[in-house]
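Asks: So here's my_file-v9.pdb, just PDB, C-alpha atoms:
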```pdb
ATOM      1  CA  GLU A   1       0.000   0.000   0.000  1.00  0.00           C
ATOM      2  CA  ARG A   2       1.103   3.558  -0.533  1.00  0.00           C
ATOM      3  CA  GLY A   3       2.893   4.946   2.448  1.00  0.00           C
ATOM      4  CA  MET A   4       4.297   1.620   3.656  1.00  0.00           C
ATOM      5  CA  PRO A   5       8.010   1.811   4.476  1.00  0.00           C
ATOM      6  CA  GLY A   6      10.048   0.320   1.604  1.00  0.00           C
ATOM      7  CA  PHE A   7       7.317   0.670  -1.039  1.00  0.00           C
ATOM      8  CA  GLU A   8       7.897   3.085  -3.895  1.00  0.00           C
ATOM      9  CA  ARG A   9       5.994   3.571  -7.127  1.00  0.00           C
ATOM     10  CA  GLY A  10       7.898   4.767 -10.179  1.00  0.00           C
ATOM     11  CA  GLU A  11       6.658   7.157 -12.826  1.00  0.00           C
ATOM     12  CA  ASN A  12       4.018   5.928 -15.277  1.00  0.00           C
ATOM     13  CA  LEU A  13       5.576   4.276 -18.315  1.00  0.00           C
ATOM     14  CA  ALA A  14       4.898   5.640 -21.796  1.00  0.00           C
ATOM     15  CA  LYS A  15       2.938   2.978 -23.678  1.00  0.00           C
ATOM     16  CA  VAL A  16       1.704   2.588 -27.224  1.00  0.00           C
ATOM     17  CA  GLY A  17      -1.559   0.850 -26.325  1.00  0.00           C
ATOM     18  CA  MET A  18      -3.939   0.307 -23.410  1.00  0.00           C
ATOM     19  CA  ARG A  19      -3.441   3.819 -22.111  1.00  0.00           C
ATOM     20  CA  ALA A  20      -6.488   3.601 -19.846  1.00  0.00           C
ATOM     21  CA  ASN A  21      -4.455   1.275 -17.611  1.00  0.00           C
ATOM     22  CA  ASP A  22      -1.490   3.055 -16.104  1.00  0.00           C
ATOM     23  CA  THR A  23       1.678   1.007 -15.836  1.00  0.00           C
ATOM     24  CA  SER A  24       4.634   1.820 -13.645  1.00  0.00           C
ATOM     25  CA  ARG A  25       7.468   0.048 -11.905  1.00  0.00           C
ATOM     26  CA  LEU A  26       6.938  -0.898  -8.279  1.00  0.00           C
ATOM     27  CA  PHE A  27       9.903  -1.034  -5.926  1.00  0.00           C
ATOM     28  CA  LEU A  28       9.704  -3.189  -2.820  1.00  0.00           C
ATOM     29  CA  ARG A  29      12.695  -2.764  -0.516  1.00  0.00           C
ATOM     30  CA  ASP A  30      12.399  -4.779   2.684  1.00  0.00           C
ATOM     31  CA  VAL A  31       8.639  -4.183   2.820  1.00  0.00           C
ATOM     32  CA  ARG A  32       6.977  -5.799   5.813  1.00  0.00           C
ATOM     33  CA  VAL A  33       3.472  -7.061   5.097  1.00  0.00           C
ATOM     34  CA  PRO A  34       1.248  -7.392   8.148  1.00  0.00           C
ATOM     35  CA  ALA A  35      -0.300 -10.858   8.489  1.00  0.00           C
ATOM     36  CA  ALA A  36      -3.767  -9.301   8.164  1.00  0.00           C
ATOM     37  CA  ASN A  37      -2.799  -7.998   4.673  1.00  0.00           C
ATOM     38  CA  LEU A  38      -1.364 -11.272   3.378  1.00  0.00           C
ATOM     39  CA  VAL A  39      -3.235 -12.658   0.361  1.00  0.00           C
ATOM     40  CA  GLY A  40      -2.678 -16.370  -0.099  1.00  0.00           C
ATOM     41  CA  ASN A  41       0.255 -18.274   1.367  1.00  0.00           C
ATOM     42  CA  GLU A  42       3.558 -16.682   2.277  1.00  0.00           C
ATOM     43  CA  ASN A  43       6.239 -16.787  -0.470  1.00  0.00           C
ATOM     44  CA  MET A  44       3.754 -18.006  -3.094  1.00  0.00           C
ATOM     45  CA  GLY A  45       3.026 -14.686  -4.843  1.00  0.00           C
ATOM     46  CA  PHE A  46       5.225 -15.375  -7.873  1.00  0.00           C
ATOM     47  CA  TYR A  47       3.597 -18.780  -8.382  1.00  0.00           C
ATOM     48  CA  TYR A  48       0.123 -17.279  -8.111  1.00  0.00           C
ATOM     49  CA  MET A  49       1.054 -14.669 -10.700  1.00  0.00           C
ATOM     50  CA  MET A  50       2.568 -17.227 -13.097  1.00  0.00           C
ATOM     51  CA  ASN A  51      -0.553 -19.365 -12.794  1.00  0.00           C
ATOM     52  CA  GLU A  52      -2.685 -16.459 -14.080  1.00  0.00           C
ATOM     53  CA  LEU A  53      -0.459 -15.495 -17.033  1.00  0.00           C
ATOM     54  CA  PRO A  54      -2.307 -17.635 -19.599  1.00  0.00           C
ATOM     55  CA  GLN A  55      -5.591 -15.932 -18.693  1.00  0.00           C
ATOM     56  CA  GLU A  56      -4.011 -12.474 -18.902  1.00  0.00           C
ATOM     57  CA  ARG A  57      -2.478 -13.304 -22.273  1.00  0.00           C
ATOM     58  CA  LEU A  58      -5.835 -14.591 -23.474  1.00  0.00           C
ATOM     59  CA  TYR A  59      -7.416 -11.310 -22.369  1.00  0.00           C
ATOM     60  CA  VAL A  60      -4.928  -9.330 -24.477  1.00  0.00           C
ATOM     61  CA  ALA A  61      -5.506 -11.669 -27.437  1.00  0.00           C
ATOM     62  CA  THR A  62      -9.257 -11.154 -27.151  1.00  0.00           C
ATOM     63  CA  LEU A  63      -8.786  -7.381 -27.134  1.00  0.00           C
ATOM     64  CA  GLY A  64      -6.563  -7.592 -30.213  1.00  0.00           C
ATOM     65  CA  VAL A  65      -9.118  -9.521 -32.242  1.00  0.00           C
ATOM     66  CA  ALA A  66     -12.004  -7.329 -31.047  1.00  0.00           C
ATOM     67  CA  ALA A  67     -10.111  -4.165 -31.974  1.00  0.00           C
ATOM     68  CA  SER A  68      -9.291  -5.644 -35.389  1.00  0.00           C
ATOM     69  CA  GLU A  69     -12.962  -6.422 -35.966  1.00  0.00           C
ATOM     70  CA  ALA A  70     -14.008  -2.893 -34.950  1.00  0.00           C
ATOM     71  CA  VAL A  71     -11.444  -1.178 -37.171  1.00  0.00           C
ATOM     72  CA  PHE A  72     -12.462  -3.415 -40.069  1.00  0.00           C
ATOM     73  CA  GLU A  73     -16.138  -2.464 -39.652  1.00  0.00           C
ATOM     74  CA  TRP A  74     -15.346   1.254 -39.431  1.00  0.00           C
ATOM     75  CA  THR A  75     -13.298   0.958 -42.600  1.00  0.00           C
ATOM     76  CA  ARG A  76     -16.005  -0.995 -44.427  1.00  0.00           C
ATOM     77  CA  ASP A  77     -18.508   1.734 -43.533  1.00  0.00           C
ATOM     78  CA  HIS A  78     -16.071   4.417 -44.717  1.00  0.00           C
ATOM     79  CA  LEU A  79     -15.506   2.692 -48.065  1.00  0.00           C
ATOM     80  CA  ALA A  80     -19.257   2.352 -48.594  1.00  0.00           C
ATOM     81  CA  GLN A  81     -19.827   6.063 -47.920  1.00  0.00           C
ATOM     82  CA  ARG A  82     -16.755   7.570 -49.596  1.00  0.00           C
ATOM     83  CA  GLN A  83     -17.448   8.497 -53.196  1.00  0.00           C
ATOM     84  CA  ALA A  84     -14.694   8.610 -55.823  1.00  0.00           C
ATOM     85  CA  PHE A  85     -14.349   7.692 -59.481  1.00  0.00           C
ATOM     86  CA  GLY A  86     -18.089   7.753 -59.994  1.00  0.00           C
ATOM     87  CA  GLY A  87     -19.196   5.583 -57.079  1.00  0.00           C
ATOM     88  CA  PRO A  88     -18.452   4.276 -53.606  1.00  0.00           C
ATOM     89  CA  LEU A  89     -14.915   3.048 -52.979  1.00  0.00           C
ATOM     90  CA  SER A  90     -16.400  -0.238 -51.761  1.00  0.00           C
ATOM     91  CA  LYS A  91     -17.188  -1.105 -55.392  1.00  0.00           C
ATOM     92  CA  MET A  92     -13.516  -0.998 -56.453  1.00  0.00           C
ATOM     93  CA  GLN A  93     -12.138  -4.504 -57.006  1.00  0.00           C
ATOM     94  CA  LEU A  94      -8.672  -3.755 -55.567  1.00  0.00           C
ATOM     95  CA  LEU A  95     -10.129  -2.393 -52.322  1.00  0.00           C
ATOM     96  CA  ARG A  96     -12.606  -5.279 -52.078  1.00  0.00           C
ATOM     97  CA  HIS A  97      -9.681  -7.694 -52.388  1.00  0.00           C
ATOM     98  CA  ARG A  98      -7.732  -5.904 -49.630  1.00  0.00           C
ATOM     99  CA  MET A  99     -10.780  -5.971 -47.354  1.00  0.00           C
ATOM    100  CA  ALA A 100     -11.364  -9.676 -48.079  1.00  0.00           C
ATOM    101  CA  LYS A 101      -7.765 -10.442 -47.093  1.00  0.00           C
ATOM    102  CA  LEU A 102      -8.181  -8.518 -43.830  1.00  0.00           C
ATOM    103  CA  LYS A 103     -11.492 -10.242 -43.073  1.00  0.00           C
ATOM    104  CA  THR A 104      -9.857 -13.640 -43.642  1.00  0.00           C
ATOM    105  CA  ASP A 105      -6.980 -12.822 -41.304  1.00  0.00           C
ATOM    106  CA  ILE A 106      -9.407 -11.572 -38.653  1.00  0.00           C
ATOM    107  CA  ALA A 107     -11.532 -14.737 -38.982  1.00  0.00           C
ATOM    108  CA  VAL A 108      -8.425 -16.907 -38.526  1.00  0.00           C
ATOM    109  CA  GLY A 109      -7.467 -14.891 -35.444  1.00  0.00           C
ATOM    110  CA  ARG A 110     -10.996 -15.125 -34.031  1.00  0.00           C
ATOM    111  CA  ALA A 111     -11.064 -18.916 -34.535  1.00  0.00           C
ATOM    112  CA  PHE A 112      -7.714 -19.347 -32.788  1.00  0.00           C
ATOM    113  CA  VAL A 113      -8.659 -17.095 -29.867  1.00  0.00           C
ATOM    114  CA  ASP A 114     -12.068 -18.792 -29.562  1.00  0.00           C
ATOM    115  CA  SER A 115     -10.325 -22.182 -29.352  1.00  0.00           C
ATOM    116  CA  CYS A 116      -8.085 -20.760 -26.628  1.00  0.00           C
ATOM    117  CA  ILE A 117     -11.158 -19.543 -24.731  1.00  0.00           C
ATOM    118  CA  GLU A 118     -12.606 -23.055 -24.930  1.00  0.00           C
ATOM    119  CA  ARG A 119      -9.323 -24.495 -23.629  1.00  0.00           C
ATOM    120  CA  HIS A 120      -9.291 -21.951 -20.815  1.00  0.00           C
ATOM    121  CA  ASP A 121     -12.874 -22.812 -19.869  1.00  0.00           C
ATOM    122  CA  ALA A 122     -11.859 -26.489 -19.783  1.00  0.00           C
ATOM    123  CA  GLY A 123      -8.868 -25.652 -17.584  1.00  0.00           C
ATOM    124  CA  CYS A 124      -6.271 -26.744 -20.125  1.00  0.00           C
ATOM    125  CA  LEU A 125      -4.939 -23.512 -21.706  1.00  0.00           C
ATOM    126  CA  ASP A 126      -1.165 -23.669 -21.388  1.00  0.00           C
ATOM    127  CA  SER A 127       1.149 -20.674 -21.239  1.00  0.00           C
ATOM    128  CA  GLN A 128       2.732 -21.358 -24.641  1.00  0.00           C
ATOM    129  CA  THR A 129      -0.588 -21.426 -26.511  1.00  0.00           C
ATOM    130  CA  ALA A 130      -1.801 -18.327 -24.676  1.00  0.00           C
ATOM    131  CA  SER A 131       1.452 -16.578 -25.633  1.00  0.00           C
ATOM    132  CA  MET A 132       0.948 -17.534 -29.268  1.00  0.00           C
ATOM    133  CA  ALA A 133      -2.603 -16.150 -29.194  1.00  0.00           C
ATOM    134  CA  LYS A 134      -1.431 -12.898 -27.636  1.00  0.00           C
ATOM    135  CA  ALA A 135       1.397 -12.508 -30.169  1.00  0.00           C
ATOM    136  CA  TRP A 136      -0.815 -13.372 -33.155  1.00  0.00           C
ATOM    137  CA  ALA A 137      -3.706 -11.135 -32.147  1.00  0.00           C
ATOM    138  CA  SER A 138      -1.463  -8.194 -31.211  1.00  0.00           C
ATOM    139  CA  GLU A 139       0.341  -8.413 -34.565  1.00  0.00           C
ATOM    140  CA  LEU A 140      -3.018  -8.764 -36.324  1.00  0.00           C
ATOM    141  CA  GLN A 141      -4.352  -5.651 -34.607  1.00  0.00           C
ATOM    142  CA  GLY A 142      -1.370  -3.596 -35.759  1.00  0.00           C
ATOM    143  CA  ARG A 143      -1.538  -4.932 -39.309  1.00  0.00           C
ATOM    144  CA  VAL A 144      -5.291  -4.341 -39.626  1.00  0.00           C
ATOM    145  CA  ALA A 145      -4.964  -0.830 -38.198  1.00  0.00           C
ATOM    146  CA  ASP A 146      -2.121   0.007 -40.602  1.00  0.00           C
ATOM    147  CA  GLU A 147      -4.005  -1.296 -43.621  1.00  0.00           C
ATOM    148  CA  CYS A 148      -7.259   0.376 -42.625  1.00  0.00           C
ATOM    149  CA  VAL A 149      -5.550   3.740 -42.112  1.00  0.00           C
ATOM    150  CA  GLN A 150      -4.399   3.490 -45.724  1.00  0.00           C
ATOM    151  CA  LEU A 151      -7.955   2.713 -46.825  1.00  0.00           C
ATOM    152  CA  HIS A 152      -9.121   5.841 -44.952  1.00  0.00           C
ATOM    153  CA  ASP A 153      -7.097   7.930 -47.394  1.00  0.00           C
ATOM    154  CA  GLY A 154      -3.949   7.217 -45.413  1.00  0.00           C
TER     155      GLY A 154
END
```
If you convert what's in this file into structure tokens, what do you get?
Replies:
Amino acid sequence: ERGMPGFERGENLAKVGMRANDTSRLFLRDVRVPAANLVGNENMGFYYMMNELPQERLYVATLGVAASEAVFEWTRDHLAQRQAFGGPLSKMQLLRHRMAKLKTDIAVGRAFVDSCIERHDAGCLDSQTASMAKAWASELQGRVADECVQLHDG
């Protein structure tokens, strides 16, 4: 807790994403935790944290796919409304092809993340698979955002 001897909170870190959640370094120097404040068993905190990593990674993967889906929909709406060359941009074959490729990639990401959710619900999501989902979905989110920015007249 703030004000406890030995506890210090660093400055907030500059982040690219998830800015609503502040992130900073925490310094614990010989902090004494009263027995009444102990959560779980003594000296087990790291193990508790490691046990939850697959779920946290799955959460980030879910956000990545959801953000990709939202950006895709906003871009599809934009292309349908934006008029150029005598009609909506959504009628142009090249742009339809680019959108189809994005939609395919998003569907693959959604299927993978959904399978991870099922594994998590069954209690068998391992850290490696959760890490793969997080990496895939985070990369997907960046790629979809980059492509969609270009389709919004870049």
Asks: Just how far from CA of Val39 (chain A) is CA of Pro5 (chain A), in Å to one decimal?
Replies: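 Atom-to-atom, CA of Pro5 (chain A) and CA of Val39 (chain A) are spaced 18.8 Å apart.
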Asks: Looking at A:Leu79, A:Ala84, A:Ile106, A:Leu28, which one is nearest to Phe7 (chain A), with distances taken over all atoms listed in the file?
Replies: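 Smallest separation from Phe7 (chain A) among the options: A:Leu28.
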Asks: With 6 Å added on each side, what axis-aligned box encloses every listed atom of region 121-135 of chain A? Give the centre and edge lengths in Å to one decimal, as lines of an AutoDock Vina configuration file.
Replies:
```
center_x = -5.1
center_y = -19.6
center_z = -23.9
size_x = 27.6
size_y = 26.2
size_z = 24.6
```
Asks: Would you kindly return, as a VMD selection string, each protein, DNA or RNA residue with an atom no farther than 8 Å from any atom of region 140-145 of chain A, considering all atoms listed in the file and excluding same-chain residues fewer than 4 positions away?
Replies: chain A and resid 64 to 65 67 to 68 71 to 72 102 105 to 106 109 136 149
Asks: Could you give me, as a list in words, the residues within 12 Å of Leu95 (chain A), counting only C-alpha atoms and dropping anything in the same chain fewer than 6 positions from it?
Replies: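 Contacts, with the query itself left out: Thr75, Arg76, His78, Leu79, Ala80, Pro88, Leu89, Lys101, Leu102, Glu147, Cys148, Gln150, Leu151, His152 and Asp153 of chain A.
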Asks: Generate a file of the selected residues that holds C-alpha atoms, formatted as a PDB file, in the frame of the given file.
Replies:
```pdb
ATOM      1  CA  THR A  75     -13.298   0.958 -42.600  1.00  0.00           C
ATOM      2  CA  ARG A  76     -16.005  -0.995 -44.427  1.00  0.00           C
ATOM      3  CA  HIS A  78     -16.071   4.417 -44.717  1.00  0.00           C
ATOM      4  CA  LEU A  79     -15.506   2.692 -48.065  1.00  0.00           C
ATOM      5  CA  ALA A  80     -19.257   2.352 -48.594  1.00  0.00           C
ATOM      6  CA  PRO A  88     -18.452   4.276 -53.606  1.00  0.00           C
ATOM      7  CA  LEU A  89     -14.915   3.048 -52.979  1.00  0.00           C
ATOM      8  CA  LYS A 101      -7.765 -10.442 -47.093  1.00  0.00           C
ATOM      9  CA  LEU A 102      -8.181  -8.518 -43.830  1.00  0.00           C
ATOM     10  CA  GLU A 147      -4.005  -1.296 -43.621  1.00  0.00           C
ATOM     11  CA  CYS A 148      -7.259   0.376 -42.625  1.00  0.00           C
ATOM     12  CA  GLN A 150      -4.399   3.490 -45.724  1.00  0.00           C
ATOM     13  CA  LEU A 151      -7.955   2.713 -46.825  1.00  0.00           C
ATOM     14  CA  HIS A 152      -9.121   5.841 -44.952  1.00  0.00           C
ATOM     15  CA  ASP A 153      -7.097   7.930 -47.394  1.00  0.00           C
TER      16      ASP A 153
END
```
Asks: Just give me the gap between CA of Val60 (chain A) and CA of Lys134 (chain A) in Å, one decimal is fine.
Replies: 5.9 Å
Asks: How would you write, as a PyMOL selection string, the residues chosen by the PyMOL selection byres ((chain A and resi 13-17) around 12) on this structure?
Replies: chain A and resi 9-12+18-26+60+63-64+67+138+141-142
Asks: Figure out the distance between CA of Ser127 (chain A) and CA of Met44 (chain A), please, to one decimal in Å.
Replies: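 Interatomic distance, CA of Met44 (chain A) to CA of Ser127 (chain A): 18.5 Å.
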Asks: What do you get, as a PyMOL selection string, if you spell out every residue that the PyMOL selection byres ((chain A and resi 116-119) around 10) selects here?
Replies: chain A and resi 54-55+58-59+61-62+110-115+120-126+129-130+132-133
Asks: For each of A:Arg98, A:Asp146, A:Gly3, A:Lys91, take the minimum atom-to-atom distance to Arg32 (chain A), counting all atoms listed in the file, then give the residue where this is smallest.
Replies: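 Of all the options, A:Gly3 lies closest to Arg32 (chain A).
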Asks: Point out the residue among A:Trp74, A:Gln93, A:Glu1, A:Ala66 with the least atom-to-atom distance to Leu38 (chain A), counting all atoms listed in the file.
Replies: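 Selected residue with least distance to Leu38 (chain A): A:Glu1.
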Asks: Can you take region 63-78 of chain A from the block and write N, CA and C atoms as a CSV table (one decimal), in the first residue's frame?
Replies:
```csv
chain,number,residue,atom,x,y,z
A,63,LEU,N,-8.7,-8.8,-26.8
A,63,LEU,CA,-8.8,-7.4,-27.1
A,63,LEU,C,-8.2,-7.1,-28.5
A,64,GLY,N,-7.2,-7.8,-28.9
A,64,GLY,CA,-6.6,-7.6,-30.2
A,64,GLY,C,-7.5,-8.0,-31.3
A,65,VAL,N,-8.2,-9.1,-31.2
A,65,VAL,CA,-9.1,-9.5,-32.2
A,65,VAL,C,-10.3,-8.6,-32.3
A,66,ALA,N,-10.8,-8.2,-31.1
A,66,ALA,CA,-12.0,-7.3,-31.0
A,66,ALA,C,-11.7,-6.0,-31.7
A,67,ALA,N,-10.5,-5.4,-31.4
A,67,ALA,CA,-10.1,-4.2,-32.0
A,67,ALA,C,-10.0,-4.3,-33.5
A,68,SER,N,-9.4,-5.4,-33.9
A,68,SER,CA,-9.3,-5.6,-35.4
A,68,SER,C,-10.7,-5.7,-36.1
A,69,GLU,N,-11.6,-6.4,-35.4
A,69,GLU,CA,-13.0,-6.4,-36.0
A,69,GLU,C,-13.6,-5.0,-36.0
A,70,ALA,N,-13.4,-4.2,-35.0
A,70,ALA,CA,-14.0,-2.9,-35.0
A,70,ALA,C,-13.4,-2.0,-36.0
A,71,VAL,N,-12.1,-2.0,-36.2
A,71,VAL,CA,-11.4,-1.2,-37.2
A,71,VAL,C,-11.9,-1.6,-38.6
A,72,PHE,N,-12.0,-2.9,-38.8
A,72,PHE,CA,-12.5,-3.4,-40.1
A,72,PHE,C,-13.9,-2.9,-40.4
A,73,GLU,N,-14.8,-2.9,-39.4
A,73,GLU,CA,-16.1,-2.5,-39.7
A,73,GLU,C,-16.2,-1.0,-39.9
A,74,TRP,N,-15.4,-0.2,-39.2
A,74,TRP,CA,-15.3,1.3,-39.4
A,74,TRP,C,-14.8,1.5,-40.8
A,75,THR,N,-13.9,0.8,-41.3
A,75,THR,CA,-13.3,1.0,-42.6
A,75,THR,C,-14.3,0.5,-43.7
A,76,ARG,N,-15.0,-0.6,-43.5
A,76,ARG,CA,-16.0,-1.0,-44.4
A,76,ARG,C,-17.1,0.1,-44.6
A,77,ASP,N,-17.5,0.7,-43.5
A,77,ASP,CA,-18.5,1.7,-43.5
A,77,ASP,C,-18.0,2.9,-44.3
A,78,HIS,N,-16.7,3.3,-44.0
A,78,HIS,CA,-16.1,4.4,-44.7
A,78,HIS,C,-16.0,4.2,-46.2
```
